[in-house]
$ cat work-v2.pdb   # PDB, C-alpha atoms
MODEL        1
ATOM      1  CA  MET A 387      25.083 -16.987 -29.239
ATOM      2  CA  ARG A 388      25.342 -14.051 -31.622
ATOM      3  CA  PRO A 389      25.418 -10.489 -30.171
ATOM      4  CA  ARG A 390      21.994  -9.559 -31.623
ATOM      5  CA  LEU A 391      20.331 -11.967 -29.193
ATOM      6  CA  TYR A 392      21.849 -10.130 -26.217
ATOM      7  CA  TRP A 393      20.149  -6.802 -26.989
ATOM      8  CA  PRO A 394      16.565  -7.732 -26.079
ATOM      9  CA  ILE A 395      17.742  -9.431 -22.884
ATOM     10  CA  THR A 396      19.885  -6.427 -21.898
ATOM     11  CA  LEU A 397      17.058  -3.988 -22.618
ATOM     12  CA  ALA A 398      14.506  -6.097 -20.729
ATOM     13  CA  ALA A 399      16.846  -6.386 -17.716
ATOM     14  CA  ALA A 400      17.509  -2.615 -17.748
ATOM     15  CA  ALA A 401      13.760  -1.874 -17.940
ATOM     16  CA  LEU A 402      13.076  -4.253 -15.041
ATOM     17  CA  ILE A 403      15.792  -2.669 -12.891
ATOM     18  CA  ALA A 404      14.489   0.836 -13.730
ATOM     19  CA  LEU A 405      10.952  -0.224 -12.749
ATOM     20  CA  LEU A 406      12.126  -1.730  -9.456
ATOM     21  CA  THR A 407      14.169   1.402  -8.673
ATOM     22  CA  TYR A 408      11.146   3.605  -9.384
ATOM     23  CA  GLY A 409       8.918   1.383  -7.233
ATOM     24  CA  VAL A 410      11.307   1.499  -4.267
ATOM     25  CA  ALA A 411      11.948   5.262  -4.627
ATOM     26  CA  SER A 412       8.251   6.158  -4.949
ATOM     27  CA  ASN A 413       7.397   4.229  -1.778
ATOM     28  CA  GLY A 414      10.161   5.797   0.277
ATOM     29  CA  THR A 415       9.550   8.404   2.960
ATOM     30  CA  ASP A 416      10.034  12.049   1.975
ATOM     31  CA  THR A 417      12.328  13.769   4.491
ATOM     32  CA  SER A 418      12.689  17.067   2.600
ATOM     33  CA  ILE A 419      10.566  18.965   5.184
ATOM     34  CA  ASP A 420      12.710  17.684   8.058
ATOM     35  CA  GLN A 421      15.836  18.731   6.170
ATOM     36  CA  ALA A 422      14.513  22.222   5.404
ATOM     37  CA  LEU A 423      13.473  22.791   9.031
ATOM     38  CA  ALA A 424      16.856  21.546  10.233
ATOM     39  CA  ASP A 425      18.404  24.197   7.937
ATOM     40  CA  GLY A 426      16.210  26.852   9.574
ATOM     41  CA  LYS A 427      13.863  27.259   6.586
ATOM     42  CA  ARG A 428      10.082  27.129   6.712
ATOM     43  CA  VAL A 429       8.331  25.100   4.018
ATOM     44  CA  GLU A 430       5.010  25.811   2.277
ATOM     45  CA  ALA A 431       2.509  23.342   3.752
ATOM     46  CA  PRO A 432       0.820  21.021   1.230
ATOM     47  CA  VAL A 433      -2.844  21.885   0.664
ATOM     48  CA  LYS A 434      -5.563  19.505  -0.488
ATOM     49  CA  ASP A 435      -9.343  19.407  -0.163
ATOM     50  CA  LEU A 436     -10.281  16.488   2.089
ATOM     51  CA  PRO A 437     -13.664  15.197   3.298
ATOM     52  CA  ARG A 438     -14.719  16.463   6.737
ATOM     53  CA  LEU A 439     -14.886  13.678   9.319
ATOM     54  CA  GLY A 440     -18.417  13.358  10.626
ATOM     55  CA  ASP A 441     -19.767  16.064   8.375
ATOM     56  CA  THR A 442     -20.555  16.674   4.733
ATOM     57  CA  GLY A 443     -18.364  18.498   2.231
ATOM     58  CA  THR A 444     -14.657  19.110   2.126
ATOM     59  CA  ALA A 445     -12.188  21.475   3.746
ATOM     60  CA  SER A 446      -8.483  22.149   3.580
ATOM     61  CA  LEU A 447      -5.615  23.802   5.366
ATOM     62  CA  ALA A 448      -6.139  26.835   3.113
ATOM     63  CA  ASP A 449      -9.397  27.555   4.982
ATOM     64  CA  GLN A 450      -7.315  28.257   8.124
ATOM     65  CA  LYS A 451      -4.993  30.819   6.548
ATOM     66  CA  GLY A 452      -4.223  33.616   8.990
ATOM     67  CA  LYS A 453      -4.383  31.178  11.915
ATOM     68  CA  VAL A 454      -1.672  29.118  13.548
ATOM     69  CA  VAL A 455      -2.602  25.497  12.860
ATOM     70  CA  VAL A 456      -1.577  22.480  14.882
ATOM     71  CA  LEU A 457      -2.000  19.816  12.217
ATOM     72  CA  ASN A 458      -2.166  16.424  13.897
ATOM     73  CA  VAL A 459      -2.142  13.177  11.894
ATOM     74  CA  TRP A 460      -3.933  10.466  13.855
ATOM     75  CA  ALA A 461      -5.914   7.211  13.697
ATOM     76  CA  SER A 462      -8.316   5.770  16.265
ATOM     77  CA  TRP A 463      -6.485   2.412  16.349
ATOM     78  CA  CYS A 464      -3.152   4.076  17.203
ATOM     79  CA  ASP A 465      -2.397   3.909  20.955
ATOM     80  CA  PRO A 466      -0.021   6.918  21.129
ATOM     81  CA  CYS A 467      -2.617   8.973  19.195
ATOM     82  CA  GLN A 468      -5.208   8.096  21.816
ATOM     83  CA  SER A 469      -2.847   9.129  24.608
ATOM     84  CA  GLU A 470      -2.049  12.568  23.194
ATOM     85  CA  MET A 471      -5.636  13.505  22.248
ATOM     86  CA  PRO A 472      -6.586  15.114  25.602
ATOM     87  CA  LEU A 473      -3.486  17.342  25.414
ATOM     88  CA  LEU A 474      -4.381  18.366  21.857
ATOM     89  CA  GLN A 475      -7.952  19.175  22.905
ATOM     90  CA  ARG A 476      -6.681  21.325  25.808
ATOM     91  CA  THR A 477      -4.307  23.047  23.374
ATOM     92  CA  HIS A 478      -7.167  23.710  20.951
ATOM     93  CA  ASP A 479      -9.232  25.277  23.746
ATOM     94  CA  ARG A 480      -6.242  27.330  24.930
ATOM     95  CA  ILE A 481      -5.168  28.779  21.558
ATOM     96  CA  ALA A 482      -8.581  29.460  20.008
ATOM     97  CA  ALA A 483      -8.724  32.999  21.415
ATOM     98  CA  ARG A 484      -5.188  33.694  20.159
ATOM     99  CA  GLY A 485      -5.937  32.804  16.545
ATOM    100  CA  GLY A 486      -4.916  29.170  16.715
ATOM    101  CA  VAL A 487      -6.631  25.907  15.900
ATOM    102  CA  VAL A 488      -5.928  22.192  16.111
ATOM    103  CA  LEU A 489      -6.842  20.406  12.888
ATOM    104  CA  GLY A 490      -6.881  16.613  12.903
ATOM    105  CA  ILE A 491      -6.098  14.465   9.876
ATOM    106  CA  ASP A 492      -7.674  11.062  10.463
ATOM    107  CA  THR A 493      -5.791   8.536   8.366
ATOM    108  CA  GLN A 494      -6.352   4.912   7.268
ATOM    109  CA  ASP A 495      -9.204   4.619   9.715
ATOM    110  CA  SER A 496     -12.794   3.432   9.684
ATOM    111  CA  PRO A 497     -14.927   6.621   9.879
ATOM    112  CA  GLU A 498     -17.351   4.977  12.311
ATOM    113  CA  ALA A 499     -14.531   3.891  14.627
ATOM    114  CA  ALA A 500     -12.932   7.342  14.349
ATOM    115  CA  LEU A 501     -16.162   9.139  15.288
ATOM    116  CA  ASP A 502     -16.809   6.736  18.192
ATOM    117  CA  PHE A 503     -13.316   7.462  19.434
ATOM    118  CA  LEU A 504     -13.768  11.262  19.219
ATOM    119  CA  ARG A 505     -17.083  11.051  21.088
ATOM    120  CA  GLU A 506     -15.585   8.836  23.769
ATOM    121  CA  LYS A 507     -12.664  11.256  24.312
ATOM    122  CA  ASN A 508     -14.861  14.404  24.038
ATOM    123  CA  ILE A 509     -12.757  15.791  21.207
ATOM    124  CA  THR A 510     -14.287  18.853  19.551
ATOM    125  CA  PHE A 511     -11.544  20.164  17.273
ATOM    126  CA  PRO A 512     -12.254  19.511  13.574
ATOM    127  CA  SER A 513     -10.791  16.582  11.680
ATOM    128  CA  LEU A 514     -10.518  15.763   7.994
ATOM    129  CA  ARG A 515     -10.256  12.308   6.431
ATOM    130  CA  ASP A 516      -7.071  11.303   4.595
ATOM    131  CA  ARG A 517      -8.405   7.886   3.684
ATOM    132  CA  ASP A 518      -5.288   6.325   2.150
ATOM    133  CA  ARG A 519      -2.540   8.601   3.543
ATOM    134  CA  GLU A 520      -2.106  10.326   0.184
ATOM    135  CA  TYR A 521      -2.069  13.749   1.872
ATOM    136  CA  GLY A 522       0.101  12.555   4.749
ATOM    137  CA  ARG A 523       2.777  11.363   2.305
ATOM    138  CA  LYS A 524       3.216  14.961   1.146
ATOM    139  CA  PHE A 525       4.297  15.727   4.739
ATOM    140  CA  GLY A 526       6.568  12.661   4.825
ATOM    141  CA  VAL A 527       4.284  10.943   7.350
ATOM    142  CA  ALA A 528       5.675   7.488   8.062
ATOM    143  CA  ALA A 529       3.900   6.570  11.324
ATOM    144  CA  TYR A 530       1.316   7.934  13.749
ATOM    145  CA  PRO A 531       0.910  10.317  15.423
ATOM    146  CA  GLU A 532       2.760  13.169  13.737
ATOM    147  CA  THR A 533       2.169  16.875  14.323
ATOM    148  CA  PHE A 534       3.046  19.905  12.192
ATOM    149  CA  LEU A 535       2.871  23.523  13.306
ATOM    150  CA  ILE A 536       1.750  25.777  10.464
ATOM    151  CA  ASP A 537       2.341  29.523  10.799
ATOM    152  CA  ARG A 538      -0.161  32.222   9.867
ATOM    153  CA  THR A 539       1.164  32.370   6.291
ATOM    154  CA  GLY A 540       0.630  28.651   5.671
ATOM    155  CA  LYS A 541       4.231  27.513   6.154
ATOM    156  CA  ILE A 542       5.406  24.574   8.257
ATOM    157  CA  ALA A 543       7.438  26.009  11.140
ATOM    158  CA  ALA A 544       8.002  22.874  13.249
ATOM    159  CA  LEU A 545       7.154  19.190  13.297
ATOM    160  CA  LYS A 546       7.064  16.322  15.730
ATOM    161  CA  ARG A 547       7.219  12.765  14.435
ATOM    162  CA  GLY A 548       5.733  10.934  17.401
ATOM    163  CA  PRO A 549       3.492  12.075  20.287
ATOM    164  CA  VAL A 550       3.624  15.747  21.279
ATOM    165  CA  THR A 551       4.394  16.875  24.802
ATOM    166  CA  GLN A 552       3.391  20.012  26.694
ATOM    167  CA  GLU A 553       7.044  21.081  26.725
ATOM    168  CA  TRP A 554       7.355  20.826  22.962
ATOM    169  CA  LEU A 555       4.134  22.778  22.426
ATOM    170  CA  ASP A 556       5.244  25.496  24.871
ATOM    171  CA  GLN A 557       8.564  25.787  23.111
ATOM    172  CA  GLU A 558       7.374  25.696  19.490
ATOM    173  CA  LEU A 559       3.749  26.822  19.462
ATOM    174  CA  ASP A 560       3.715  29.850  21.750
ATOM    175  CA  PRO A 561       6.277  31.865  19.701
ATOM    176  CA  LEU A 562       4.227  31.179  16.556
ATOM    177  CA  LEU A 563       1.078  32.518  18.187
ATOM    178  CA  GLU A 564       2.943  35.768  18.875
ATOM    179  CA  GLU A 565       3.714  36.237  15.162
ATOM    180  CA  LYS A 566       1.517  38.505  13.064
ATOM    181  CA  ALA A 567       0.003  37.326   9.770
TER     182      ALA A 567
ATOM    183  CA  MET B 222     -50.990 -21.751  -0.940
ATOM    184  CA  ARG B 223     -49.090 -23.498  -3.763
ATOM    185  CA  VAL B 224     -47.715 -20.146  -4.928
ATOM    186  CA  LEU B 225     -46.543 -19.376  -1.409
ATOM    187  CA  LEU B 226     -44.811 -22.751  -1.117
ATOM    188  CA  ALA B 227     -43.129 -22.257  -4.481
ATOM    189  CA  LEU B 228     -41.926 -18.808  -3.397
ATOM    190  CA  ILE B 229     -40.483 -20.198  -0.159
ATOM    191  CA  LEU B 230     -38.738 -22.959  -2.151
ATOM    192  CA  VAL B 231     -37.234 -20.467  -4.626
ATOM    193  CA  LEU B 232     -36.063 -18.174  -1.829
ATOM    194  CA  GLY B 233     -34.584 -21.153   0.004
ATOM    195  CA  LEU B 234     -32.697 -22.297  -3.099
ATOM    196  CA  THR B 235     -31.384 -18.773  -3.722
ATOM    197  CA  ALA B 236     -30.135 -18.545  -0.161
ATOM    198  CA  ALA B 237     -28.462 -21.933  -0.510
ATOM    199  CA  ALA B 238     -26.771 -20.839  -3.746
ATOM    200  CA  GLU B 239     -25.151 -17.854  -1.979
ATOM    201  CA  PRO B 240     -23.154 -19.233   0.944
ATOM    202  CA  LYS B 241     -22.667 -16.898   3.906
ATOM    203  CA  VAL B 242     -19.403 -14.962   3.835
ATOM    204  CA  THR B 243     -16.938 -15.678   6.630
ATOM    205  CA  LEU B 244     -14.005 -13.674   7.963
ATOM    206  CA  PRO B 245     -11.355 -16.123   6.600
ATOM    207  CA  ASP B 246     -12.999 -15.844   3.131
ATOM    208  CA  ILE B 247     -12.078 -12.161   3.059
ATOM    209  CA  GLU B 248      -9.008 -11.972   5.303
ATOM    210  CA  ASP B 249      -6.666 -13.524   2.742
ATOM    211  CA  GLU B 250      -7.728 -11.026   0.065
ATOM    212  CA  VAL B 251      -7.219  -7.958   2.232
ATOM    213  CA  MET B 252      -4.096  -6.208   3.509
ATOM    214  CA  CYS B 253      -3.273  -4.659   6.847
ATOM    215  CA  VAL B 254      -3.056  -1.052   5.605
ATOM    216  CA  GLU B 255      -0.336  -0.017   8.043
ATOM    217  CA  CYS B 256       1.967  -3.054   8.090
ATOM    218  CA  ARG B 257       1.445  -4.058   4.415
ATOM    219  CA  THR B 258       1.010  -7.775   5.162
ATOM    220  CA  ALA B 259      -2.001  -9.983   4.492
ATOM    221  CA  LEU B 260      -4.699  -9.387   7.102
ATOM    222  CA  ASN B 261      -4.849 -13.066   8.086
ATOM    223  CA  VAL B 262      -1.246 -12.952   9.361
ATOM    224  CA  SER B 263      -1.269  -9.482  10.884
ATOM    225  CA  THR B 264      -1.591  -8.741  14.585
ATOM    226  CA  ALA B 265      -1.316  -4.926  14.302
ATOM    227  CA  PRO B 266      -3.974  -2.753  16.018
ATOM    228  CA  VAL B 267      -5.267  -1.528  12.644
ATOM    229  CA  ALA B 268      -5.628  -5.164  11.533
ATOM    230  CA  ASP B 269      -7.847  -5.796  14.566
ATOM    231  CA  GLN B 270      -9.942  -2.787  13.551
ATOM    232  CA  GLU B 271     -10.202  -4.073   9.968
ATOM    233  CA  ARG B 272     -11.332  -7.505  11.212
ATOM    234  CA  ALA B 273     -13.968  -5.866  13.434
ATOM    235  CA  PHE B 274     -15.087  -3.822  10.421
ATOM    236  CA  ILE B 275     -15.443  -7.005   8.304
ATOM    237  CA  ARG B 276     -17.339  -8.868  11.080
ATOM    238  CA  GLU B 277     -19.738  -5.944  11.385
ATOM    239  CA  LYS B 278     -20.411  -5.937   7.631
ATOM    240  CA  ILE B 279     -20.912  -9.741   7.639
ATOM    241  CA  ALA B 280     -23.449  -9.307  10.463
ATOM    242  CA  GLN B 281     -25.235  -6.721   8.324
ATOM    243  CA  GLY B 282     -25.596  -9.397   5.613
ATOM    244  CA  LEU B 283     -23.337  -7.787   2.982
ATOM    245  CA  THR B 284     -21.860  -9.909   0.205
ATOM    246  CA  LYS B 285     -18.127 -10.440  -0.177
ATOM    247  CA  GLN B 286     -17.874  -7.835  -2.942
ATOM    248  CA  GLU B 287     -19.932  -5.317  -0.966
ATOM    249  CA  ILE B 288     -17.647  -5.801   2.042
ATOM    250  CA  LYS B 289     -14.560  -5.298  -0.123
ATOM    251  CA  ASP B 290     -16.117  -2.123  -1.569
ATOM    252  CA  ALA B 291     -16.834  -0.891   1.968
ATOM    253  CA  LEU B 292     -13.230  -1.618   2.961
ATOM    254  CA  VAL B 293     -11.941   0.418  -0.007
ATOM    255  CA  ASP B 294     -14.311   3.231   0.932
ATOM    256  CA  ALA B 295     -12.970   3.283   4.501
ATOM    257  CA  TYR B 296      -9.263   2.540   4.000
ATOM    258  CA  GLY B 297      -8.532   3.211   0.325
ATOM    259  CA  PRO B 298      -7.643   0.857  -2.543
ATOM    260  CA  ASP B 299      -4.396  -0.259  -0.864
ATOM    261  CA  VAL B 300      -6.502  -2.379   1.485
ATOM    262  CA  LEU B 301      -7.033  -4.928  -1.303
ATOM    263  CA  ALA B 302      -4.359  -7.585  -1.786
ATOM    264  CA  THR B 303      -4.962  -7.600  -5.540
ATOM    265  CA  PRO B 304      -3.091  -4.708  -7.168
ATOM    266  CA  GLU B 305      -5.067  -2.164  -9.151
ATOM    267  CA  ALA B 306      -4.857  -2.255 -12.953
ATOM    268  CA  LYS B 307      -3.619   1.335 -13.134
ATOM    269  CA  GLY B 308      -0.571   3.435 -12.258
ATOM    270  CA  PHE B 309       2.514   1.656 -10.943
ATOM    271  CA  ASP B 310       0.393  -1.317  -9.795
ATOM    272  CA  LEU B 311      -0.361  -2.043 -13.451
ATOM    273  CA  SER B 312       3.194  -3.397 -13.735
ATOM    274  CA  ALA B 313       2.201  -6.287 -11.435
ATOM    275  CA  TRP B 314      -0.230  -7.421 -14.146
ATOM    276  CA  LEU B 315       1.908  -6.623 -17.202
ATOM    277  CA  ILE B 316       5.360  -7.877 -16.191
ATOM    278  CA  PRO B 317       4.490 -11.576 -15.651
ATOM    279  CA  GLY B 318       2.753 -11.647 -19.049
ATOM    280  CA  ALA B 319       5.676  -9.845 -20.684
ATOM    281  CA  LEU B 320       8.151 -12.310 -19.131
ATOM    282  CA  VAL B 321       6.143 -15.315 -20.349
ATOM    283  CA  ALA B 322       5.950 -13.765 -23.850
ATOM    284  CA  ALA B 323       9.708 -13.031 -23.848
ATOM    285  CA  PHE B 324      10.452 -16.597 -22.722
ATOM    286  CA  ALA B 325       8.231 -18.014 -25.501
ATOM    287  CA  VAL B 326       9.943 -15.827 -28.126
ATOM    288  CA  GLY B 327      13.365 -16.907 -26.818
ATOM    289  CA  VAL B 328      12.441 -20.600 -26.992
ATOM    290  CA  ALA B 329      11.040 -20.133 -30.521
ATOM    291  CA  LEU B 330      14.245 -18.382 -31.668
ATOM    292  CA  LEU B 331      16.454 -21.084 -30.173
ATOM    293  CA  ALA B 332      14.322 -23.852 -31.673
ATOM    294  CA  ARG B 333      14.635 -22.226 -35.109
ATOM    295  CA  ARG B 334      18.389 -21.917 -34.689
ATOM    296  CA  TRP B 335      18.771 -25.584 -33.685
ATOM    297  CA  ARG B 336      16.639 -26.707 -36.618
ATOM    298  CA  ARG B 337      18.793 -24.784 -39.087
ATOM    299  CA  THR B 338      22.111 -26.184 -37.789
ATOM    300  CA  PRO B 339      23.125 -29.110 -40.095
ATOM    301  CA  ALA B 340      23.624 -32.416 -38.352
ATOM    302  CA  SER B 341      27.328 -33.131 -38.014
ATOM    303  CA  PRO B 342      28.455 -36.391 -39.738
ATOM    304  CA  GLU B 343      29.370 -39.332 -37.536
ATOM    305  CA  PRO B 344      33.107 -39.363 -36.950
ATOM    306  CA  ASP B 345      34.996 -42.189 -38.672
ATOM    307  CA  ALA B 346      36.226 -44.994 -36.429
ATOM    308  CA  PRO B 347      39.968 -44.804 -35.849
ATOM    309  CA  GLU B 348      42.117 -47.169 -37.829
ATOM    310  CA  LEU B 349      43.242 -50.308 -35.925
ATOM    311  CA  ASP B 350      46.907 -51.087 -35.967
ATOM    312  CA  PRO B 351      47.726 -54.478 -37.596
ATOM    313  CA  ALA B 352      48.311 -56.245 -34.238
ATOM    314  CA  ASP B 353      44.929 -55.165 -32.860
ATOM    315  CA  ALA B 354      43.232 -56.094 -36.146
ATOM    316  CA  ARG B 355      44.673 -59.587 -36.019
ATOM    317  CA  ARG B 356      43.617 -59.979 -32.345
ATOM    318  CA  LEU B 357      40.076 -58.797 -33.162
ATOM    319  CA  ASP B 358      39.812 -61.232 -36.076
ATOM    320  CA  SER B 359      40.957 -64.155 -33.934
ATOM    321  CA  GLU B 360      38.545 -63.327 -31.092
ATOM    322  CA  LEU B 361      35.620 -62.971 -33.525
ATOM    323  CA  ALA B 362      36.593 -66.275 -35.107
ATOM    324  CA  ALA B 363      36.522 -67.851 -31.620
ATOM    325  CA  PHE B 364      32.883 -66.737 -31.210
ATOM    326  CA  ASP B 365      31.991 -68.345 -34.542
ATOM    327  CA  ARG B 366      33.236 -71.692 -33.434
TER     328      ARG B 366
ENDMDL
END
$ encode --input "work-v2.pdb" --output "structure tokens"
Amino acid sequence: MRPRLYWPITLAAAALIALLTYGVASNGTDTSIDQALADGKRVEAPVKDLPRLGDTGTASLADQKGKVVVLNVWASWCDPCQSEMPLLQRTHDRIAARGGVVLGIDTQDSPEAALDFLREKNITFPSLRDRDREYGRKFGVAAYPETFLIDRTGKIAALKRGPVTQEWLDQELDPLLEEKA
Amino acid sequence: MRVLLALILVLGLTAAAEPKVTLPDIEDEVMCVECRTALNVSTAPVADQERAFIREKIAQGLTKQEIKDALVDAYGPDVLATPEAKGFDLSAWLIPGALVAAFAVGVALLARRWRRTPASPEPDAPELDPADARRLDSELAAFDR
């Protein structure tokens, strides 16, 4: 075979490999926030308008600026999310007077099932809908539940990939509530 | 009365033309959004919720397409097993076609090359040495007898 026949095959193979590499890389989990926090740096929290769960209109993290936000990514079908909800509700009630709020991000969930779940558990903190986890990916969310503590300036100060505990909240959240805007 | 009977008949035929959707009809065209496998082979909790969602929509009398639209509305476009014809998913539609086209072009180029190559002449039979020639002649003569 003459060399000129090799060029199209080589180019096609290179294009295919590049496409596969892009596909794998774009579906990978972003760990840049974890890395920055491990280095002692706070990271600007991603902001996006999302539909309110069980209400009309949209809202975003930007609406909570000046408050300490416990951003919790959950889904009604996720067992660990169900288990930690009462603790998050108690936390919401406890920090409200100190300029704090728990904000839920309901992800990949049927809205009807999500609202039934919130009613059943008597959850009153607000939640937004991240229908296809597009927003969660900006936080490197890979599973549920995951919780991010956002300081009063809108920066991520701590995260927990997995269910939160009272100990973790005492250790990470209380110092943030003491900070001024 | 005749008009009423005709109406009932038409409605009956229309209903018969649109068979009722079943869960298996939809399950193999939908993904478990968390585990990224087909819904009909997934046992994840979210898959159970998706199946309950589909059953509820079937009970409400929605068509297959309406149920799929409702699934996309609740879980996003990734819930469909068929990739979207935009963004990175577009490659799933384009690459197979491009590969078939490249294969066809390759076959056409090779066929043209083979057609142009002149047929090589038949090689001449090797010369027999005199002893073998005599033996061949005698054996052929034996057949003639």
$ closest_atom_pairs --input "work-v2.pdb" --of "chain B" --to "chain A" --cutoff "10 Å" --atoms "only C-alpha atoms" --output "CSV"
residue,atom,partner,partner_atom,distance
B:Val254,CA,A:Gln494,CA,7.0
B:Glu255,CA,A:Gln494,CA,7.8
B:Ala265,CA,A:Trp463,CA,9.2
B:Pro266,CA,A:Trp463,CA,5.8
B:Val267,CA,A:Trp463,CA,5.5
B:Ala268,CA,A:Trp463,CA,9.0
B:Asp269,CA,A:Trp463,CA,8.5
B:Gln270,CA,A:Trp463,CA,6.8
B:Glu271,CA,A:Ser496,CA,7.9
B:Ala273,CA,A:Ala499,CA,9.8
B:Phe274,CA,A:Ser496,CA,7.6
B:Ala291,CA,A:Ser496,CA,9.7
B:Leu292,CA,A:Ser496,CA,8.4
B:Val293,CA,A:Arg517,CA,9.0
B:Asp294,CA,A:Arg517,CA,8.0
B:Ala295,CA,A:Ser496,CA,5.2
B:Tyr296,CA,A:Gln494,CA,5.0
B:Gly297,CA,A:Asp518,CA,4.9
B:Pro298,CA,A:Asp518,CA,7.6
B:Asp299,CA,A:Asp518,CA,7.3
B:Val300,CA,A:Asp518,CA,8.8
B:Phe309,CA,A:Gly409,CA,7.4
B:Asp310,CA,A:Gly409,CA,9.3
B:Ser312,CA,A:Leu405,CA,8.4
B:Ile316,CA,A:Leu402,CA,8.6
B:Ala319,CA,A:Ala398,CA,9.6
B:Leu320,CA,A:Ala398,CA,9.0
B:Ala323,CA,A:Ile395,CA,8.9
B:Gly327,CA,A:Leu391,CA,8.9
B:Leu330,CA,A:Leu391,CA,9.2
B:Leu331,CA,A:Met387,CA,9.6
B:Arg334,CA,A:Met387,CA,9.9
$ write_last_selection --input "work-v2.pdb" --atoms "C-alpha atoms" --output "compact mmCIF listing (two decimals), keeping the file's coordinate frame"
# COMPACT_ATOMS: atom_id res chain seq x y z
CA VAL B 254 -3.06 -1.05 5.60
CA GLU B 255 -0.34 -0.02 8.04
CA ALA B 265 -1.32 -4.93 14.30
CA PRO B 266 -3.97 -2.75 16.02
CA VAL B 267 -5.27 -1.53 12.64
CA ALA B 268 -5.63 -5.16 11.53
CA ASP B 269 -7.85 -5.80 14.57
CA GLN B 270 -9.94 -2.79 13.55
CA GLU B 271 -10.20 -4.07 9.97
CA ALA B 273 -13.97 -5.87 13.43
CA PHE B 274 -15.09 -3.82 10.42
CA ALA B 291 -16.83 -0.89 1.97
CA LEU B 292 -13.23 -1.62 2.96
CA VAL B 293 -11.94 0.42 -0.01
CA ASP B 294 -14.31 3.23 0.93
CA ALA B 295 -12.97 3.28 4.50
CA TYR B 296 -9.26 2.54 4.00
CA GLY B 297 -8.53 3.21 0.32
CA PRO B 298 -7.64 0.86 -2.54
CA ASP B 299 -4.40 -0.26 -0.86
CA VAL B 300 -6.50 -2.38 1.48
CA PHE B 309 2.51 1.66 -10.94
CA ASP B 310 0.39 -1.32 -9.80
CA SER B 312 3.19 -3.40 -13.74
CA ILE B 316 5.36 -7.88 -16.19
CA ALA B 319 5.68 -9.85 -20.68
CA LEU B 320 8.15 -12.31 -19.13
CA ALA B 323 9.71 -13.03 -23.85
CA GLY B 327 13.36 -16.91 -26.82
CA LEU B 330 14.24 -18.38 -31.67
CA LEU B 331 16.45 -21.08 -30.17
CA ARG B 334 18.39 -21.92 -34.69
$ resolve_selection --input "work-v2.pdb" --expression "the PyMOL selection byres ((chain A and resi 549-566) around 7)" --output "list in words"
Val454, Pro466, Cys467, Glu470, Arg484, Pro531, Glu532, Asp537, Ala544, Lys546, Arg547, Gly548 and Ala567 of chain A
$ atom_distance --input "work-v2.pdb" --atom1 "CA of Ile419 in chain A" --atom2 "CA of Val456 in chain A"
15.9 Å
$ residues_near_point --input "work-v2.pdb" --point "(-4.4, 22.4, 10.5)" --cutoff "10 Å" --atoms "only C-alpha atoms" --output "PDB file with C-alpha atoms, keeping the file's coordinate frame"
ATOM      1  CA  ALA A 431       2.509  23.342   3.752  1.00  0.00           C
ATOM      2  CA  VAL A 433      -2.844  21.885   0.664  1.00  0.00           C
ATOM      3  CA  SER A 446      -8.483  22.149   3.580  1.00  0.00           C
ATOM      4  CA  LEU A 447      -5.615  23.802   5.366  1.00  0.00           C
ATOM      5  CA  ALA A 448      -6.139  26.835   3.113  1.00  0.00           C
ATOM      6  CA  ASP A 449      -9.397  27.555   4.982  1.00  0.00           C
ATOM      7  CA  GLN A 450      -7.315  28.257   8.124  1.00  0.00           C
ATOM      8  CA  LYS A 451      -4.993  30.819   6.548  1.00  0.00           C
ATOM      9  CA  LYS A 453      -4.383  31.178  11.915  1.00  0.00           C
ATOM     10  CA  VAL A 454      -1.672  29.118  13.548  1.00  0.00           C
ATOM     11  CA  VAL A 455      -2.602  25.497  12.860  1.00  0.00           C
ATOM     12  CA  VAL A 456      -1.577  22.480  14.882  1.00  0.00           C
ATOM     13  CA  LEU A 457      -2.000  19.816  12.217  1.00  0.00           C
ATOM     14  CA  ASN A 458      -2.166  16.424  13.897  1.00  0.00           C
ATOM     15  CA  VAL A 459      -2.142  13.177  11.894  1.00  0.00           C
ATOM     16  CA  GLY A 486      -4.916  29.170  16.715  1.00  0.00           C
ATOM     17  CA  VAL A 487      -6.631  25.907  15.900  1.00  0.00           C
ATOM     18  CA  VAL A 488      -5.928  22.192  16.111  1.00  0.00           C
ATOM     19  CA  LEU A 489      -6.842  20.406  12.888  1.00  0.00           C
ATOM     20  CA  GLY A 490      -6.881  16.613  12.903  1.00  0.00           C
ATOM     21  CA  ILE A 491      -6.098  14.465   9.876  1.00  0.00           C
ATOM     22  CA  PRO A 512     -12.254  19.511  13.574  1.00  0.00           C
ATOM     23  CA  SER A 513     -10.791  16.582  11.680  1.00  0.00           C
ATOM     24  CA  LEU A 514     -10.518  15.763   7.994  1.00  0.00           C
ATOM     25  CA  THR A 533       2.169  16.875  14.323  1.00  0.00           C
ATOM     26  CA  PHE A 534       3.046  19.905  12.192  1.00  0.00           C
ATOM     27  CA  LEU A 535       2.871  23.523  13.306  1.00  0.00           C
ATOM     28  CA  ILE A 536       1.750  25.777  10.464  1.00  0.00           C
ATOM     29  CA  ASP A 537       2.341  29.523  10.799  1.00  0.00           C
ATOM     30  CA  GLY A 540       0.630  28.651   5.671  1.00  0.00           C
TER      31      GLY A 540
END
$ atom_distance --input "work-v2.pdb" --atom1 "CA of Leu406 in chain A" --atom2 "CA of Lys307 in chain B"
16.5 Å
$ residues_around --input "work-v2.pdb" --residues "Gln286 in chain B" --least-positions-apart "6" --cutoff "12 Å" --atoms "only C-alpha atoms" --output "PyMOL selection string"
chain B and resi 242+246-247+250-251+275+278-279+292-293+301
$ atom_distance --input "work-v2.pdb" --atom1 "CA of Pro437 in chain A" --atom2 "CA of Ala500 in chain A"
13.6 Å
